[in-house]
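Report on the structure given below.
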Amino acid sequence: MKGIKVKVPATSANLGAGFDTLGLALDLYNEFIVEESDKLEIQTNPKMPEFENPDKNLFVKVLKATCEYLGNEFHGVKVKQNINIPVSRGLGSSATAIVGAIAAGFAANKKELTDEDFFNIAYKFEPHPDNLLPALKGNLITACINEGKTYYNKIDFPEEIKAVVVIPDFELSTEEARKVLPKQIPLKDGIFNVQRVSLFISALCSKKYDLLKVAMDDRFHEPYRKKLIPGFDEVIKAGLNNGALGASLSGAGSTIIALSLENFDNIGRAMIEVFEKQGIKAQYKVLSVDKEGTKVEIIE
């Protein structure tokens, strides 16, 4: 075996009302190529000097932890990271590093990765299954943790719906986005979200897509986080006015995701125009749902 190549999809968590509950895998990928070496070498493409520092490289940290979990000493490795998912934009870039490293470590040791093994390692770095599991398993995932055990279900997302992700040119760390959240919410807001996340899942299952506009409303996190994103309400409105079924913050942001059956480019352009009026550059991508999750390839 010469090495291992791991391809991990982007994720969009929450999808409106499903705060810390729902996550969707998208066909935008980070790729990690790992080869044996006596020393630690890190290459990034495009070049990101911060990630080439082992102390700041999440993939390397998790790979080391995985080797130790499997009872092996970590000597060194040559890692090449092909980074296509924007960093700190709410598209699961950190989840790809965690999931990719665990998958690579188990493949290198010719061990089968169980859910229990995965959570034991992954939760040391990020305790959010709604972000991690779509990257590992693909598709739409709903997840929760109860008394230390993770429960999840994979839902087949309709192939005809595409995601228009609008990515503004500024980072928003999950830590920063968590700080603005209140410690408590009113009962009426809790009811509001339970109603809408239930409606969201049932609308997808019954293909009643006209319900998604209401179902993607949120009162848990977006009212607080939108203050960090200039023009947020107007961007959402521009997406809906141009044919989006529903729209919301992607993860902790700063990306905004719109779901649609058509008019993808019109939706993306309209949302970008609103950001530009705020003096913010942005780009959009039209993405399909990734149904398979992480793929591991042995390089001979």
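Identifiers in the structure tokens: chain A, B, ... in order shown; residue index from 1 per chain; ligand index from 1 in order shown.
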
(request) Excluding segment 260-263 of chain A and residues on its chain fewer than 4 positions from it, collect all residues at most 8 Å away from it, counting only C-alpha atoms, and give them as number ranges by chain. (result) A: 160-164, 242-246, 267

Prev. selection, C-alpha atoms, output as a PDB file, in the first residue's frame:
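For reference, out06.pdb as written:
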ATOM      1  CA  GLU A 160     -34.708  16.936  -7.747  1.00  0.00           C
ATOM      2  CA  ILE A 161     -33.931  19.576  -5.101  1.00  0.00           C
ATOM      3  CA  LYS A 162     -30.603  21.374  -5.450  1.00  0.00           C
ATOM      4  CA  ALA A 163     -28.869  23.625  -2.948  1.00  0.00           C
ATOM      5  CA  VAL A 164     -27.760  27.098  -3.955  1.00  0.00           C
ATOM      6  CA  ASN A 242     -36.503  34.334  -7.318  1.00  0.00           C
ATOM      7  CA  GLY A 243     -37.974  30.881  -6.844  1.00  0.00           C
ATOM      8  CA  ALA A 244     -36.280  29.244  -3.859  1.00  0.00           C
ATOM      9  CA  LEU A 245     -38.467  26.775  -1.959  1.00  0.00           C
ATOM     10  CA  GLY A 246     -36.883  27.855   1.317  1.00  0.00           C
ATOM     11  CA  ILE A 267     -31.425  32.677  -7.193  1.00  0.00           C
TER      12      ILE A 267
END

(request) Go through segment 225-294 of chain A and collect every residue that DSSP, computed from the backbone, puts in alpha helix (DSSP H); the answer should be as an MDAnalysis selection string. (result) chainID A and resid 225 232:241 264:277

With the cut-off set at 12 Å and counting only C-alpha atoms, tabulate each residue of segment 19-112 of chain A with an atom at most that distance from an atom of segment 219-222 of chain A, showing the nearest atom pair and its distance in Å to one decimal, ordered by chain and increasing number, as JSON lines.
{"residue": "A:Phe19", "atom": "CA", "partner": "A:Phe220", "partner_atom": "CA", "distance": 7.0}
{"residue": "A:Asp20", "atom": "CA", "partner": "A:Phe220", "partner_atom": "CA", "distance": 10.1}
{"residue": "A:Thr21", "atom": "CA", "partner": "A:Phe220", "partner_atom": "CA", "distance": 11.9}

(request) Can you pull out every residue within 10 Å of Ala107 of chain A, counting only C-alpha atoms, but drop anything in the same chain fewer than 4 positions away, and send it as a list in words? (result) Gly3, Ile4, Lys5, Val6, Ala101, Ile102, Ala103, Lys111, Glu112, Leu113, Val296, Glu297 and Ile298 of chain A

(request) Tell me which of A:Thr96, A:Asn241, A:Asn146, A:Ser250 sits closest to Met216 of chain A, counting only C-alpha atoms. (result) A:Ser250

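The shell of residues at most 9 Å from segment 61-63 of chain A, with only C-alpha atoms counted and near chain neighbours (fewer than 5 positions) removed, consists of Pro54, Asp55, Lys56, Glu68, Phe74, Ala97, Ile98, Val99, Gly100, Ala101, Ile102, Ala103, Ala104, Gly105, Ile121, Ala122 and Phe125 of chain A.
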
Dump as an mmCIF file, in the first residue's frame, selection limited to N, CA and C atoms:
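Below you can see selection17.cif, which holds the result:
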data_model
loop_
_atom_site.group_PDB
_atom_site.id
_atom_site.type_symbol
_atom_site.label_atom_id
_atom_site.label_comp_id
_atom_site.auth_asym_id
_atom_site.auth_seq_id
_atom_site.Cartn_x
_atom_site.Cartn_y
_atom_site.Cartn_z
ATOM 1 N N PRO A 54 1.649 21.921 11.813
ATOM 2 C CA PRO A 54 1.049 20.732 12.445
ATOM 3 C C PRO A 54 0.230 21.054 13.696
ATOM 4 N N ASP A 55 0.627 22.095 14.430
ATOM 5 C CA ASP A 55 -0.088 22.445 15.660
ATOM 6 C C ASP A 55 -1.476 23.020 15.381
ATOM 7 N N LYS A 56 -1.692 23.476 14.134
ATOM 8 C CA LYS A 56 -2.978 24.074 13.777
ATOM 9 C C LYS A 56 -3.749 23.256 12.749
ATOM 10 N N GLU A 68 -3.428 6.634 18.068
ATOM 11 C CA GLU A 68 -3.274 6.325 19.492
ATOM 12 C C GLU A 68 -4.467 5.522 20.009
ATOM 13 N N PHE A 74 2.296 7.294 16.758
ATOM 14 C CA PHE A 74 2.295 8.152 15.564
ATOM 15 C C PHE A 74 3.710 8.672 15.325
ATOM 16 N N ALA A 97 -12.220 17.421 7.998
ATOM 17 C CA ALA A 97 -10.902 17.071 8.533
ATOM 18 C C ALA A 97 -11.016 15.969 9.588
ATOM 19 N N ILE A 98 -12.017 16.090 10.464
ATOM 20 C CA ILE A 98 -12.206 15.097 11.523
ATOM 21 C C ILE A 98 -12.604 13.747 10.939
ATOM 22 N N VAL A 99 -13.615 13.760 10.092
ATOM 23 C CA VAL A 99 -14.115 12.519 9.487
ATOM 24 C C VAL A 99 -13.039 11.888 8.593
ATOM 25 N N GLY A 100 -12.369 12.722 7.790
ATOM 26 C CA GLY A 100 -11.337 12.215 6.878
ATOM 27 C C GLY A 100 -10.186 11.568 7.618
ATOM 28 N N ALA A 101 -9.760 12.168 8.721
ATOM 29 C CA ALA A 101 -8.631 11.628 9.480
ATOM 30 C C ALA A 101 -8.981 10.300 10.141
ATOM 31 N N ILE A 102 -10.189 10.220 10.699
ATOM 32 C CA ILE A 102 -10.600 8.953 11.334
ATOM 33 C C ILE A 102 -10.709 7.853 10.287
ATOM 34 N N ALA A 103 -11.324 8.154 9.152
ATOM 35 C CA ALA A 103 -11.453 7.159 8.075
ATOM 36 C C ALA A 103 -10.096 6.715 7.569
ATOM 37 N N ALA A 104 -9.163 7.664 7.411
ATOM 38 C CA ALA A 104 -7.814 7.333 6.931
ATOM 39 C C ALA A 104 -7.066 6.468 7.945
ATOM 40 N N GLY A 105 -7.193 6.815 9.216
ATOM 41 C CA GLY A 105 -6.501 6.066 10.257
ATOM 42 C C GLY A 105 -6.969 4.624 10.343
ATOM 43 N N ILE A 121 -13.794 9.016 19.048
ATOM 44 C CA ILE A 121 -12.700 9.889 18.608
ATOM 45 C C ILE A 121 -13.215 11.263 18.213
ATOM 46 N N ALA A 122 -14.250 11.293 17.382
ATOM 47 C CA ALA A 122 -14.716 12.554 16.798
ATOM 48 C C ALA A 122 -15.194 13.545 17.850
ATOM 49 N N PHE A 125 -13.178 16.292 19.440
ATOM 50 C CA PHE A 125 -12.851 17.474 18.643
ATOM 51 C C PHE A 125 -14.088 18.294 18.272
#

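Nearest residue to Gly92 of chain A among A:Leu132, A:Leu259, A:Leu181, A:Ile229 is A:Leu132, counting only C-alpha atoms.
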
(request) Tell me which protein, DNA and RNA residues are within 9 Å of Asp27 of chain A, counting only C-alpha atoms, leaving out same-chain ones fewer than 5 positions away, and put them as a list of chain:residue names. (result)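 Listed by chain and then number, they are A:Pro9, A:Ala10, A:Thr11, A:Leu287, A:Ser288, A:Val289, A:Asp290, A:Lys291.
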
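Put simply, atom CA of Ile280 of chain A is 22.8 Å away from atom CA of Ile83 of chain A.
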